[in-house]
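Student: As input, take my_file-v6.txt (compact mmCIF, C-alpha atoms):
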# COMPACT_ATOMS: atom_id res chain seq x y z
CA VAL C 20 31.52 -13.39 45.37
CA GLY C 21 30.68 -12.26 41.84
CA ASN C 22 32.43 -9.63 39.74
CA PHE C 23 31.86 -5.97 40.48
CA TYR C 24 29.51 -4.28 38.05
CA ASN C 25 28.67 -0.59 38.43
CA GLY C 26 30.33 -0.63 41.86
CA TYR C 27 28.51 -3.65 43.32
CA ALA C 28 29.07 -7.39 43.39
CA HIS C 29 26.68 -10.13 44.41
CA VAL C 30 27.67 -12.35 47.33
CA GLU C 31 26.31 -15.72 48.37
CA LEU C 32 26.02 -17.11 51.87
CA ASN C 33 24.10 -20.28 52.75
CA TYR C 34 22.39 -20.26 49.32
CA LYS C 35 21.11 -16.70 49.79
CA TYR C 36 22.28 -13.61 47.90
CA ASN C 37 23.05 -10.00 48.63
CA PHE C 38 25.35 -7.27 47.31
CA ILE C 39 28.50 -5.63 48.57
CA ASP C 40 29.89 -2.25 47.56
CA VAL C 41 33.60 -1.69 46.79
CA GLN C 42 34.30 -1.11 50.52
CA GLY C 43 32.82 -4.54 51.31
CA ASN C 44 29.65 -3.21 52.98
CA LEU C 45 26.46 -5.23 52.55
CA VAL C 46 23.84 -3.29 50.60
CA SER C 47 20.89 -4.99 52.29
CA PRO C 48 22.17 -6.45 55.58
CA ASN C 49 18.71 -7.26 56.96
CA GLN C 50 17.36 -8.95 53.83
CA TRP C 51 18.88 -11.78 51.79
CA PHE C 52 17.37 -13.07 48.54
CA ASN C 53 17.00 -16.30 46.53
CA ASN C 54 18.62 -14.61 43.52
CA VAL C 55 19.77 -11.18 42.36
CA GLY C 56 20.52 -9.37 39.11
CA ILE C 57 23.08 -6.62 38.56
CA PHE C 58 22.86 -2.94 39.35
CA THR C 59 21.88 -0.86 36.33
CA ASN C 60 20.90 2.78 36.63
CA GLY C 61 21.13 2.48 40.44
CA TYR C 62 18.76 -0.49 40.83
CA ALA C 63 19.01 -4.27 40.82
CA TRP C 64 16.27 -6.85 40.65
CA VAL C 65 15.97 -9.30 43.52
CA ARG C 66 13.97 -12.51 43.82
CA LEU C 67 12.48 -13.92 47.00
CA ASN C 68 10.05 -16.85 47.11
CA ASN C 69 9.57 -16.72 43.31
CA LYS C 70 8.55 -13.04 43.35
CA TYR C 71 10.61 -10.09 42.13
CA ASN C 72 11.32 -6.57 43.29
CA PHE C 73 14.11 -4.03 43.00
CA ILE C 74 16.50 -2.57 45.52
CA ASP C 75 18.40 0.68 45.24
CA THR C 76 22.05 1.11 46.22
CA GLN C 77 20.97 1.77 49.81
CA GLY C 78 19.23 -1.62 49.97
CA LYS C 79 15.77 -0.05 49.99
CA LEU C 80 13.02 -1.97 48.17
CA VAL C 81 11.45 -0.04 45.31
CA SER C 82 8.05 -1.60 45.88
CA PRO C 83 7.95 -2.90 49.47
CA ASN C 84 4.20 -3.61 49.45
CA GLN C 85 4.04 -5.21 46.01
CA TRP C 86 6.24 -7.99 44.66
CA PHE C 87 5.99 -8.99 40.98
CA ASP C 88 5.88 -12.19 38.92
CA ASP C 89 8.65 -10.96 36.60
CA VAL C 90 10.66 -7.80 35.99
CA GLY C 91 13.07 -6.24 33.51
CA ILE C 92 15.95 -3.90 34.31
CA PHE C 93 15.82 -0.15 34.73
CA THR C 94 16.30 1.49 31.34
CA ASN C 95 15.89 5.23 30.83
CA GLY C 96 14.39 5.56 34.32
CA TYR C 97 11.75 2.81 34.00
CA ALA C 98 11.59 -0.94 34.51
CA ARG C 99 9.07 -3.45 33.22
CA VAL C 100 7.05 -5.33 35.86
CA LYS C 101 4.64 -8.24 35.42
CA LEU C 102 1.77 -9.12 37.71
CA ASN C 103 -1.01 -11.66 37.07
CA GLY C 104 -0.03 -12.02 33.41
CA LYS C 105 -0.06 -8.28 32.65
CA TRP C 106 2.76 -5.74 32.29
CA ASN C 107 3.38 -2.20 33.46
CA PHE C 108 6.31 0.09 34.19
CA ILE C 109 7.65 1.30 37.51
CA ASP C 110 9.74 4.46 37.69
CA THR C 111 12.62 5.45 39.94
CA GLN C 112 10.16 7.35 42.16
CA ARG C 113 8.55 3.96 42.96
CA LYS C 114 5.34 4.74 41.02
CA LEU C 115 3.57 2.70 38.37
CA VAL C 116 3.41 4.56 35.05
CA SER C 117 -0.11 3.35 34.34
CA PRO C 118 -1.66 2.17 37.64
CA ASN C 119 -5.15 1.77 36.19
CA GLN C 120 -4.14 0.05 32.95
CA TRP C 121 -1.94 -3.02 32.67
CA PHE C 122 -0.83 -4.29 29.26
CA ASP C 123 -0.49 -7.64 27.46
CA TRP C 124 3.12 -6.86 26.51
CA ILE C 125 5.44 -3.86 26.66
CA TYR C 126 8.79 -2.71 25.32
CA ASP C 127 11.21 -0.40 27.16
CA PHE C 128 10.95 3.37 26.95
CA HIS C 129 13.10 5.16 24.35
CA ASP C 130 12.98 8.90 23.75
CA GLY C 131 10.04 9.22 26.14
CA TYR C 132 7.78 6.59 24.55
CA ALA C 133 7.16 2.86 24.84
CA ARG C 134 5.28 0.40 22.65
CA VAL C 135 2.57 -1.51 24.48
CA LYS C 136 0.13 -4.21 23.45
CA LEU C 137 -3.44 -4.04 24.71
CA ASN C 138 -6.27 -6.29 23.48
CA ASN C 139 -4.16 -7.45 20.50
CA LYS C 140 -3.49 -3.87 19.36
CA TRP C 141 -0.25 -1.94 19.63
CA TYR C 142 0.03 1.60 20.98
CA ARG C 143 2.64 4.11 22.01
CA ILE C 144 2.44 5.53 25.51
CA ASP C 145 4.28 8.43 27.08
CA THR C 146 5.97 8.35 30.49
CA LYS C 147 2.73 9.41 32.17
CA GLY C 148 0.93 6.34 30.81
CA ASN C 149 -1.11 8.26 28.23
CA ILE C 150 -1.78 6.47 24.95
CA VAL C 151 -0.48 8.87 22.32
CA ALA C 152 -0.76 6.80 19.13
CA ALA C 153 -2.04 3.54 17.73
CA VAL C 154 0.66 1.48 16.05
CA ASN C 155 0.17 -1.20 13.42
CA GLU C 156 2.37 -3.06 10.97
CA HIS C 157 2.18 -0.12 8.55
CA THR C 158 3.14 2.53 11.10
CA VAL C 159 6.70 3.79 11.07
CA VAL C 160 7.88 5.35 14.31
CA ILE C 161 10.95 7.56 14.00
CA THR C 162 12.58 8.74 17.20
CA LYS C 163 14.75 11.85 17.59
CA SER C 164 17.90 9.72 17.66
CA ASP C 165 16.75 7.88 14.49
CA LEU C 166 16.11 11.21 12.77
CA ARG C 167 19.59 12.46 13.75
CA LYS C 168 21.15 9.32 12.28
CA ILE C 169 19.19 9.71 9.04
CA VAL C 170 20.16 13.39 8.69
CA LEU C 171 23.85 12.64 9.38
CA GLU C 172 23.83 9.84 6.81
CA CYS C 173 22.25 12.16 4.22
CA VAL C 174 24.82 14.87 4.93
CA LYS C 175 27.67 12.36 4.55
CA LYS C 176 26.29 11.17 1.21
CA ILE C 177 25.81 14.73 -0.06
CA MET C 178 29.35 15.69 0.94
CA ASN C 179 30.85 12.64 -0.79
CA ILE C 180 28.90 13.35 -3.98
CA SER C 181 29.81 17.02 -4.19
Take the structure in the file and write it out as structure tokens.
Tutor:
Amino acid sequence: VGNFYNGYAHVELNYKYNFIDVQGNLVSPNQWFNNVGIFTNGYAWVRLNNKYNFIDTQGKLVSPNQWFDDVGIFTNGYARVKLNGKWNFIDTQRKLVSPNQWFDWIYDFHDGYARVKLNNKWYRIDTKGNIVAAVNEHTVVITKSDLRKIVLECVKKIMNIS
């Protein structure tokens, strides 16, 4: 039995893994896995026969008909998934963000946007999979949280000077 994290701990039996909740109930009693991650944002990655998927806290697979070659963790409502050497995002509603376009590389969503690499060029996409901007080494992307930090730092400096 592993440590509890976000209310769930992994358990091992006969070299297979599952989760228990704080009452000791198995999360996925009918399905055991070769390996498991931790629950973040209500989902944990699971591995079976060298393929990955996610389960929710009810033990339900996020993508029952499609297993992936690699996955990230759910961050801001989206997780990275890799299939046949390309990357995409899956959301908590079990939908691919960009079902018709897979990417060479992707970074997690922050403030509603993610950086993606396609044909050796970088872009920003929104949560609907729309490319909203091309990004290169000269592009500076400032998020709302970055802007808040910059403004607060300026205010602090002004107040110390005055």
Student: Which residue out of C:Leu45, C:Ile39, C:Ile57, C:Ile74 has the minimum interatomic distance to Tyr24 (chain C) when all atoms listed in the file are used?
Tutor: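 Closest candidate: C:Ile57.
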Student: Just the number, please: distance in Å from CA of Asn53 (chain C) to CA of Phe73 (chain C), one decimal.
Tutor: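 Spanning CA of Asn53 (chain C) to CA of Phe73 (chain C) is a straight-line distance of 13.1 Å.
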Student: Go through C:Tyr62, C:Thr146, C:Tyr36, C:Leu171 and flag the residue nearest Gln77 (chain C), using only C-alpha atoms for the distances.
Tutor: C:Tyr62
Student: So that I can check the surroundings of Lys79 (chain C), please list as a short mmCIF file (atom, residue, chain, number, x, y, z; two decimals) with C-alpha atoms, keeping the file's coordinate frame every protein, DNA and RNA residue that reaches within 12 Å of it, counting all atoms listed in the file and ignoring chain neighbours fewer than 2 positions away.
Tutor:
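Output file result_12.cif follows:
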data_model
loop_
_atom_site.label_atom_id
_atom_site.label_comp_id
_atom_site.auth_asym_id
_atom_site.auth_seq_id
_atom_site.Cartn_x
_atom_site.Cartn_y
_atom_site.Cartn_z
CA VAL C 46 23.84 -3.29 50.60
CA SER C 47 20.89 -4.99 52.29
CA PRO C 48 22.17 -6.45 55.58
CA ASN C 49 18.71 -7.26 56.96
CA GLN C 50 17.36 -8.95 53.83
CA GLY C 61 21.13 2.48 40.44
CA TYR C 62 18.76 -0.49 40.83
CA ALA C 63 19.01 -4.27 40.82
CA TRP C 64 16.27 -6.85 40.65
CA VAL C 65 15.97 -9.30 43.52
CA ASN C 72 11.32 -6.57 43.29
CA PHE C 73 14.11 -4.03 43.00
CA ILE C 74 16.50 -2.57 45.52
CA ASP C 75 18.40 0.68 45.24
CA THR C 76 22.05 1.11 46.22
CA GLN C 77 20.97 1.77 49.81
CA VAL C 81 11.45 -0.04 45.31
CA SER C 82 8.05 -1.60 45.88
CA PRO C 83 7.95 -2.90 49.47
CA THR C 111 12.62 5.45 39.94
CA ARG C 113 8.55 3.96 42.96
#
Student: Quick check, in Å to one decimal: how far apart do CA of Gly78 (chain C) and CA of Gln42 (chain C) lie?
Tutor: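 Distance reported for this atom pair: 15.1 Å.
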Student: By how many Å are CA of Leu67 (chain C) and CA of Tyr126 (chain C) apart?
Tutor: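 If I compute the distance from CA of Leu67 (chain C) to CA of Tyr126 (chain C), I get 24.7 Å.
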Student: Neighbours of His29 (chain C) within 9 Å (all atoms listed in the file; same-chain residues fewer than 3 positions away dropped), as a PDB file with C-alpha atoms, keeping the file's coordinate frame?
Tutor:
ATOM      1  CA  VAL C  20      31.520 -13.390  45.370  1.00  0.00           C
ATOM      2  CA  GLY C  21      30.680 -12.260  41.840  1.00  0.00           C
ATOM      3  CA  ASN C  22      32.430  -9.630  39.740  1.00  0.00           C
ATOM      4  CA  PHE C  23      31.860  -5.970  40.480  1.00  0.00           C
ATOM      5  CA  TYR C  36      22.280 -13.610  47.900  1.00  0.00           C
ATOM      6  CA  ASN C  37      23.050 -10.000  48.630  1.00  0.00           C
ATOM      7  CA  PHE C  38      25.350  -7.270  47.310  1.00  0.00           C
ATOM      8  CA  ILE C  39      28.500  -5.630  48.570  1.00  0.00           C
ATOM      9  CA  VAL C  55      19.770 -11.180  42.360  1.00  0.00           C
ATOM     10  CA  GLY C  56      20.520  -9.370  39.110  1.00  0.00           C
ATOM     11  CA  ILE C  57      23.080  -6.620  38.560  1.00  0.00           C
TER      12      ILE C  57
END
Student: Between C:Ile125, C:Leu166, C:Ile144, C:Cys173, which is the closest to Gly104 (chain C) once you count all atoms listed in the file?
Tutor: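 Going through C:Ile125, C:Leu166, C:Ile144, C:Cys173 one by one, the smallest distance to Gly104 (chain C) is for C:Ile125.
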